[in-house]
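Raw final27.pdb, PDB, C-alpha atoms and all ligand atoms:
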```pdb
ATOM      1  CA  MET A 207     123.642 101.653 115.514  1.00  0.00           C
ATOM      2  CA  LYS A 208     122.359 102.565 118.943  1.00  0.00           C
ATOM      3  CA  LYS A 209     124.699 102.477 121.897  1.00  0.00           C
ATOM      4  CA  SER A 210     123.954  99.824 124.473  1.00  0.00           C
ATOM      5  CA  SER A 211     123.034 102.548 126.974  1.00  0.00           C
ATOM      6  CA  GLU A 212     120.143 103.509 124.711  1.00  0.00           C
ATOM      7  CA  ALA A 213     119.025  99.937 124.135  1.00  0.00           C
ATOM      8  CA  ILE A 214     115.325  99.273 124.479  1.00  0.00           C
ATOM      9  CA  GLN A 215     114.562  96.335 126.782  1.00  0.00           C
ATOM     10  CA  ILE A 216     111.536  94.473 125.485  1.00  0.00           C
ATOM     11  CA  SER A 217     109.378  92.121 127.517  1.00  0.00           C
ATOM     12  CA  SER A 218     105.727  91.137 127.646  1.00  0.00           C
ATOM     13  CA  ASN A 219     105.124  93.230 130.828  1.00  0.00           C
ATOM     14  CA  ILE A 220     105.491  96.474 128.891  1.00  0.00           C
ATOM     15  CA  SER A 221     102.188  98.201 128.136  1.00  0.00           C
ATOM     16  CA  PRO A 222     100.542  97.164 124.841  1.00  0.00           C
ATOM     17  CA  LYS A 223     100.676 100.756 123.636  1.00  0.00           C
ATOM     18  CA  LYS A 224     104.432 101.003 124.223  1.00  0.00           C
ATOM     19  CA  LEU A 225     104.954  97.577 122.624  1.00  0.00           C
ATOM     20  CA  ASP A 226     103.099  98.760 119.539  1.00  0.00           C
ATOM     21  CA  GLU A 227     105.439 101.751 119.321  1.00  0.00           C
ATOM     22  CA  ILE A 228     108.500  99.518 119.680  1.00  0.00           C
ATOM     23  CA  LEU A 229     107.152  97.135 117.027  1.00  0.00           C
ATOM     24  CA  GLU A 230     106.625 100.083 114.713  1.00  0.00           C
ATOM     25  CA  GLU A 231     110.249 101.175 115.201  1.00  0.00           C
ATOM     26  CA  MET A 232     111.523  97.649 114.594  1.00  0.00           C
ATOM     27  CA  ILE A 233     109.502  97.406 111.377  1.00  0.00           C
ATOM     28  CA  LEU A 234     110.897 100.744 110.214  1.00  0.00           C
ATOM     29  CA  SER A 235     114.409  99.495 110.913  1.00  0.00           C
ATOM     30  CA  VAL A 236     113.848  96.321 108.865  1.00  0.00           C
ATOM     31  CA  GLU A 237     112.170  98.159 106.007  1.00  0.00           C
ATOM     32  CA  SER A 238     114.725 100.943 105.723  1.00  0.00           C
ATOM     33  CA  GLN A 239     117.889  98.957 106.392  1.00  0.00           C
ATOM     34  CA  LEU A 240     117.156  95.566 104.869  1.00  0.00           C
ATOM     35  CA  TRP A 241     114.586  96.486 102.220  1.00  0.00           C
ATOM     36  CA  ILE A 242     112.205  93.903 103.595  1.00  0.00           C
ATOM     37  CA  SER A 243     108.538  94.743 103.339  1.00  0.00           C
ATOM     38  CA  VAL A 244     106.549  93.924 106.509  1.00  0.00           C
ATOM     39  CA  GLU A 245     102.855  93.239 106.001  1.00  0.00           C
ATOM     40  CA  ASP A 246      99.798  92.018 107.859  1.00  0.00           C
ATOM     41  CA  GLY A 247      99.284  88.263 107.596  1.00  0.00           C
ATOM     42  CA  TYR A 248      95.826  86.708 107.416  1.00  0.00           C
ATOM     43  CA  GLU A 249      96.753  83.055 107.204  1.00  0.00           C
ATOM     44  CA  GLY A 250      97.020  82.304 110.908  1.00  0.00           C
ATOM     45  CA  ASN A 251     100.795  82.511 111.190  1.00  0.00           C
ATOM     46  CA  SER A 252     103.833  84.642 110.456  1.00  0.00           C
ATOM     47  CA  PHE A 253     106.333  83.868 107.737  1.00  0.00           C
ATOM     48  CA  TRP A 254     109.135  84.995 105.460  1.00  0.00           C
ATOM     49  CA  ILE A 255     108.754  85.094 101.681  1.00  0.00           C
ATOM     50  CA  SER A 256     111.921  85.782  99.740  1.00  0.00           C
ATOM     51  CA  THR A 257     111.823  87.705  96.510  1.00  0.00           C
ATOM     52  CA  PRO A 258     112.946  85.318  93.777  1.00  0.00           C
ATOM     53  CA  ASP A 259     116.322  85.746  92.122  1.00  0.00           C
ATOM     54  CA  ASP A 260     115.862  87.641  88.961  1.00  0.00           C
ATOM     55  CA  PRO A 261     117.914  86.335  86.041  1.00  0.00           C
ATOM     56  CA  GLU A 262     116.412  88.913  83.687  1.00  0.00           C
ATOM     57  CA  GLY A 263     117.892  91.673  85.803  1.00  0.00           C
ATOM     58  CA  GLU A 264     114.565  93.346  86.346  1.00  0.00           C
ATOM     59  CA  TYR A 265     114.153  95.608  89.294  1.00  0.00           C
ATOM     60  CA  TRP A 266     112.736  94.086  92.450  1.00  0.00           C
ATOM     61  CA  PRO A 267     111.712  96.677  95.001  1.00  0.00           C
ATOM     62  CA  SER A 268     112.344  94.522  98.079  1.00  0.00           C
ATOM     63  CA  ALA A 269     114.549  91.742  99.423  1.00  0.00           C
ATOM     64  CA  GLY A 270     111.446  89.906 100.545  1.00  0.00           C
ATOM     65  CA  ILE A 271     108.276  90.084 102.561  1.00  0.00           C
ATOM     66  CA  ILE A 272     107.566  89.271 106.183  1.00  0.00           C
ATOM     67  CA  GLU A 273     103.960  88.637 107.051  1.00  0.00           C
ATOM     68  CA  LEU A 274     103.033  89.068 110.714  1.00  0.00           C
ATOM     69  CA  ASP A 275      99.890  87.295 111.901  1.00  0.00           C
ATOM     70  CA  ILE A 276      97.354  90.049 112.593  1.00  0.00           C
ATOM     71  CA  ASN A 277      95.785  87.984 115.371  1.00  0.00           C
ATOM     72  CA  ASN A 278      98.916  88.135 117.516  1.00  0.00           C
ATOM     73  CA  GLY A 279      99.591  90.733 120.194  1.00  0.00           C
ATOM     74  CA  ALA A 280     102.452  93.193 119.835  1.00  0.00           C
ATOM     75  CA  PHE A 281     104.932  91.165 121.893  1.00  0.00           C
ATOM     76  CA  THR A 282     104.366  88.002 119.870  1.00  0.00           C
ATOM     77  CA  LYS A 283     104.645  90.032 116.677  1.00  0.00           C
ATOM     78  CA  ILE A 284     107.997  91.420 117.865  1.00  0.00           C
ATOM     79  CA  VAL A 285     109.284  87.913 118.569  1.00  0.00           C
ATOM     80  CA  SER A 286     107.971  86.659 115.209  1.00  0.00           C
ATOM     81  CA  LEU A 287     109.512  89.601 113.376  1.00  0.00           C
ATOM     82  CA  ALA A 288     112.904  88.753 114.879  1.00  0.00           C
ATOM     83  CA  HIS A 289     112.570  85.099 113.856  1.00  0.00           C
ATOM     84  CA  GLU A 290     111.534  85.904 110.288  1.00  0.00           C
ATOM     85  CA  VAL A 291     114.370  88.419 109.902  1.00  0.00           C
ATOM     86  CA  GLY A 292     116.627  85.545 110.964  1.00  0.00           C
ATOM     87  CA  HIS A 293     115.355  83.551 107.972  1.00  0.00           C
ATOM     88  CA  TYR A 294     116.386  86.420 105.726  1.00  0.00           C
ATOM     89  CA  PHE A 295     119.942  86.465 107.114  1.00  0.00           C
ATOM     90  CA  LEU A 296     120.235  82.701 106.963  1.00  0.00           C
ATOM     91  CA  GLU A 297     119.007  82.558 103.388  1.00  0.00           C
ATOM     92  CA  LYS A 298     121.616  84.987 102.155  1.00  0.00           C
ATOM     93  CA  ASP A 299     124.469  83.204 103.947  1.00  0.00           C
ATOM     94  CA  LYS A 300     126.521  81.474 101.286  1.00  0.00           C
ATOM     95  CA  ASP A 301     127.647  78.570 103.464  1.00  0.00           C
ATOM     96  CA  PHE A 302     124.583  77.956 105.606  1.00  0.00           C
ATOM     97  CA  GLY A 303     121.794  79.341 103.448  1.00  0.00           C
ATOM     98  CA  SER A 304     120.579  76.140 101.812  1.00  0.00           C
ATOM     99  CA  GLU A 305     120.256  72.370 102.144  1.00  0.00           C
ATOM    100  CA  ASN A 306     119.735  72.415 105.871  1.00  0.00           C
ATOM    101  CA  HIS A 307     117.761  70.204 108.158  1.00  0.00           C
ATOM    102  CA  LYS A 308     114.531  72.002 109.005  1.00  0.00           C
ATOM    103  CA  MET A 309     115.362  72.099 112.715  1.00  0.00           C
ATOM    104  CA  PHE A 310     118.850  73.477 112.124  1.00  0.00           C
ATOM    105  CA  GLU A 311     117.405  76.174 109.888  1.00  0.00           C
ATOM    106  CA  GLU A 312     114.665  77.159 112.315  1.00  0.00           C
ATOM    107  CA  SER A 313     117.072  77.293 115.253  1.00  0.00           C
ATOM    108  CA  LEU A 314     119.532  79.458 113.351  1.00  0.00           C
ATOM    109  CA  ALA A 315     116.750  81.811 112.277  1.00  0.00           C
ATOM    110  CA  TRP A 316     115.744  82.250 115.920  1.00  0.00           C
ATOM    111  CA  TYR A 317     119.301  83.076 116.880  1.00  0.00           C
ATOM    112  CA  LEU A 318     120.234  85.323 113.950  1.00  0.00           C
ATOM    113  CA  GLY A 319     117.093  87.434 114.234  1.00  0.00           C
ATOM    114  CA  TYR A 320     117.627  87.954 117.940  1.00  0.00           C
ATOM    115  CA  LYS A 321     121.204  89.068 117.381  1.00  0.00           C
ATOM    116  CA  TYR A 322     120.257  91.443 114.558  1.00  0.00           C
ATOM    117  CA  PHE A 323     117.808  93.340 116.729  1.00  0.00           C
ATOM    118  CA  GLU A 324     120.065  93.244 119.773  1.00  0.00           C
ATOM    119  CA  ASP A 325     122.735  94.896 117.657  1.00  0.00           C
ATOM    120  CA  LYS A 326     120.214  97.558 116.610  1.00  0.00           C
ATOM    121  CA  GLY A 327     119.398  98.297 120.259  1.00  0.00           C
ATOM    122  CA  PHE A 328     116.199  96.252 120.550  1.00  0.00           C
ATOM    123  CA  VAL A 329     116.880  93.773 123.313  1.00  0.00           C
ATOM    124  CA  ILE A 330     114.106  91.207 123.683  1.00  0.00           C
ATOM    125  CA  ASP A 331     113.995  89.476 127.066  1.00  0.00           C
ATOM    126  CA  PRO A 332     116.113  86.391 126.333  1.00  0.00           C
ATOM    127  CA  GLU A 333     114.111  84.113 128.640  1.00  0.00           C
ATOM    128  CA  GLU A 334     110.823  85.033 127.004  1.00  0.00           C
ATOM    129  CA  TYR A 335     112.375  84.767 123.560  1.00  0.00           C
ATOM    130  CA  LYS A 336     113.781  81.313 124.277  1.00  0.00           C
ATOM    131  CA  LYS A 337     110.431  80.190 125.649  1.00  0.00           C
ATOM    132  CA  GLU A 338     108.682  81.254 122.441  1.00  0.00           C
ATOM    133  CA  ALA A 339     111.427  79.666 120.328  1.00  0.00           C
ATOM    134  CA  SER A 340     111.088  76.377 122.238  1.00  0.00           C
ATOM    135  CA  LYS A 341     107.332  76.397 121.761  1.00  0.00           C
ATOM    136  CA  CYS A 342     107.696  76.895 118.015  1.00  0.00           C
ATOM    137  CA  LEU A 343     110.505  74.336 117.702  1.00  0.00           C
ATOM    138  CA  GLY A 344     108.251  71.859 119.503  1.00  0.00           C
ATOM    139  CA  GLU A 345     105.558  72.511 116.907  1.00  0.00           C
ATOM    140  CA  TYR A 346     108.014  71.953 114.052  1.00  0.00           C
ATOM    141  CA  VAL A 347     109.090  68.645 115.603  1.00  0.00           C
ATOM    142  CA  ARG A 348     105.467  67.530 115.779  1.00  0.00           C
ATOM    143  CA  SER A 349     104.805  68.593 112.182  1.00  0.00           C
ATOM    144  CA  LEU A 350     107.949  66.794 110.971  1.00  0.00           C
ATOM    145  CA  ASN A 351     106.839  63.639 112.768  1.00  0.00           C
ATOM    146  CA  ASP A 352     103.358  63.932 111.272  1.00  0.00           C
ATOM    147  CA  ASP A 353     104.872  64.133 107.784  1.00  0.00           C
ATOM    148  CA  LYS A 354     106.512  60.737 108.298  1.00  0.00           C
ATOM    149  CA  ASN A 355     103.206  59.030 109.090  1.00  0.00           C
TER     150      ASN A 355
HETATM  151 ZN    ZN B   1     110.867  79.823 110.843  1.00  0.00          ZN
END
```

Kindly transcribe the structure held in the file into structure tokens.
Amino acid sequence: MKKSSEAIQISSNISPKKLDEILEEMILSVESQLWISVEDGYEGNSFWISTPDDPEGEYWPSAGIIELDINNGAFTKIVSLAHEVGHYFLEKDKDFGSENHKMFEESLAWYLGYKYFEDKGFVIDPEEYKKEASKCLGEYVRSLNDDKN
């Protein structure tokens, strides 16, 4: 774990080149420490795909896959990566990992992913992160309301 003095402060004003480097480091951290495979996503959004439980005991090479929308800039990818990592942590939590309201689950994923990277020394600007989280939560609310109609 990095000491807080070495923490990288991440915001959208950092140069795209530097953000790409930070994103690369964050992906390496996730891949080497959590065994999550991070891939390019071509479906217009970013998401988490868990590797199914394997009753046969066969070997699965990864805990799951995170797809990051290739059309997003580096900062948005960083924020999305944090959120999707949050889904991974939530899913493996024995008390809170299942049977949740969609909004509860999404909110927890936003929080858990932020805290994971903060702990690893990647500190995303909390105001920008919250803004992005609010935007996405607003979209989930709309999609949930659409489902009812
Ligand atoms: Zn989500």

Next item on the list: Pick out the residues no farther than 8 Å from ligand ZN 1 (chain B), counting only C-alpha atoms and all ligand atoms, and list them as a list in words.
Entry: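 The residues within 8 Å of ligand ZN 1 (chain B), counting only C-alpha atoms and all ligand atoms, are Phe253, Trp254, His289, Glu290, His293, Glu311, Glu312, Ala315 and Trp316 of chain A.
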
Closest pair table for segment 321-344 of chain A residues within 10 Å of segment 225-232 of chain A, all atoms listed in the file, as a Markdown table:
```
| residue | atom | partner | partner_atom | distance |
| --- | --- | --- | --- | --- |
| A:Phe323 | CA | A:Met232 | CA | 7.9 |
| A:Lys326 | CA | A:Met232 | CA | 8.9 |
| A:Gly327 | CA | A:Met232 | CA | 9.7 |
| A:Phe328 | CA | A:Met232 | CA | 7.7 |
```

Next item on the list: List the residues matched by the PyMOL selection byres (((chain A and resi 268-283) around 10) and not hetatm) in the displayed structure as number ranges by chain, ordered by chain and then by residue number.
Entry: A: 216-230, 233, 236-237, 240-259, 265-267, 284-291, 293-294, 330, 334-335, 338

Check: How would you write, as a list in words, the residues chosen by the PyMOL selection byres (((chain A and resi 307-310) around 8) and not hetatm) on this structure?
Finding: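 Against this file, the PyMOL selection byres (((chain A and resi 307-310) around 8) and not hetatm) returns the residues Glu305, Asn306, Glu311, Glu312, Ser313, Leu314, Leu343, Tyr346 and Val347 of chain A.
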
Could you put an axis-aligned box around every listed atom of segment 337-342 of chain A, padded by 5 Å on each side, and send me its centre and edge lengths in Å to one decimal, as JSON?
```
{"center_x": 109.4, "center_y": 78.8, "center_z": 121.8, "size_x": 14.1, "size_y": 14.9, "size_z": 17.6}
```

Notebook entry, point to check: Restricting the calculation to all atoms listed in the file, which member of A:Ala213, A:Asp353, A:Glu345, A:Tyr320 is positioned closest to Pro332 of chain A?
Noted result: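 Between A:Ala213, A:Asp353, A:Glu345, A:Tyr320, the residue approaching Pro332 of chain A most closely is A:Tyr320.
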
Next item on the list: Record the distance separating atom CA of Glu324 of chain A and atom CA of Glu212 of chain A, expressed in Å with one decimal.
Entry: 11.4 Å

Notebook entry, point to check: What does the distance between atom CA of Leu350 of chain A and atom CA of Asp299 of chain A come to in Å, to one decimal place?
Noted result: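 Separation of atom CA of Leu350 of chain A and atom CA of Asp299 of chain A: 24.3 Å.
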
As a PDB file, in the frame of the given file, please: segment 239-253 of chain A completed to N, CA and C atoms.
```pdb
ATOM      1  N   GLN A 239     116.513  99.447 106.445  1.00  0.00           N
ATOM      2  CA  GLN A 239     117.889  98.957 106.392  1.00  0.00           C
ATOM      3  C   GLN A 239     118.064  97.657 105.621  1.00  0.00           C
ATOM      4  N   LEU A 240     117.020  96.853 105.554  1.00  0.00           N
ATOM      5  CA  LEU A 240     117.156  95.566 104.869  1.00  0.00           C
ATOM      6  C   LEU A 240     116.305  95.492 103.606  1.00  0.00           C
ATOM      7  N   TRP A 241     115.485  96.485 103.378  1.00  0.00           N
ATOM      8  CA  TRP A 241     114.586  96.486 102.220  1.00  0.00           C
ATOM      9  C   TRP A 241     113.617  95.316 102.249  1.00  0.00           C
ATOM     10  N   ILE A 242     113.224  94.946 103.453  1.00  0.00           N
ATOM     11  CA  ILE A 242     112.205  93.903 103.595  1.00  0.00           C
ATOM     12  C   ILE A 242     110.882  94.619 103.833  1.00  0.00           C
ATOM     13  N   SER A 243     109.857  94.154 103.165  1.00  0.00           N
ATOM     14  CA  SER A 243     108.538  94.743 103.339  1.00  0.00           C
ATOM     15  C   SER A 243     107.769  93.938 104.401  1.00  0.00           C
ATOM     16  N   VAL A 244     107.269  94.626 105.430  1.00  0.00           N
ATOM     17  CA  VAL A 244     106.549  93.924 106.509  1.00  0.00           C
ATOM     18  C   VAL A 244     105.057  94.195 106.356  1.00  0.00           C
ATOM     19  N   GLU A 245     104.292  93.116 106.269  1.00  0.00           N
ATOM     20  CA  GLU A 245     102.855  93.239 106.001  1.00  0.00           C
ATOM     21  C   GLU A 245     102.017  92.460 106.997  1.00  0.00           C
ATOM     22  N   ASP A 246     100.724  92.780 107.022  1.00  0.00           N
ATOM     23  CA  ASP A 246      99.798  92.018 107.859  1.00  0.00           C
ATOM     24  C   ASP A 246      99.553  90.646 107.229  1.00  0.00           C
ATOM     25  N   GLY A 247      99.537  89.615 108.078  1.00  0.00           N
ATOM     26  CA  GLY A 247      99.284  88.263 107.596  1.00  0.00           C
ATOM     27  C   GLY A 247      97.908  87.782 108.039  1.00  0.00           C
ATOM     28  N   TYR A 248      97.195  87.163 107.118  1.00  0.00           N
ATOM     29  CA  TYR A 248      95.826  86.708 107.416  1.00  0.00           C
ATOM     30  C   TYR A 248      95.691  85.193 107.349  1.00  0.00           C
ATOM     31  N   GLU A 249      96.823  84.507 107.374  1.00  0.00           N
ATOM     32  CA  GLU A 249      96.753  83.055 107.204  1.00  0.00           C
ATOM     33  C   GLU A 249      96.989  82.289 108.500  1.00  0.00           C
ATOM     34  N   GLY A 250      96.917  82.992 109.623  1.00  0.00           N
ATOM     35  CA  GLY A 250      97.020  82.304 110.908  1.00  0.00           C
ATOM     36  C   GLY A 250      98.430  82.061 111.388  1.00  0.00           C
ATOM     37  N   ASN A 251      99.435  82.558 110.651  1.00  0.00           N
ATOM     38  CA  ASN A 251     100.795  82.511 111.190  1.00  0.00           C
ATOM     39  C   ASN A 251     101.662  83.576 110.537  1.00  0.00           C
ATOM     40  N   SER A 252     102.904  83.653 110.991  1.00  0.00           N
ATOM     41  CA  SER A 252     103.833  84.642 110.456  1.00  0.00           C
ATOM     42  C   SER A 252     104.869  83.924 109.619  1.00  0.00           C
ATOM     43  N   PHE A 253     105.299  84.531 108.530  1.00  0.00           N
ATOM     44  CA  PHE A 253     106.333  83.868 107.737  1.00  0.00           C
ATOM     45  C   PHE A 253     107.124  84.826 106.857  1.00  0.00           C
TER      46      PHE A 253
END
```
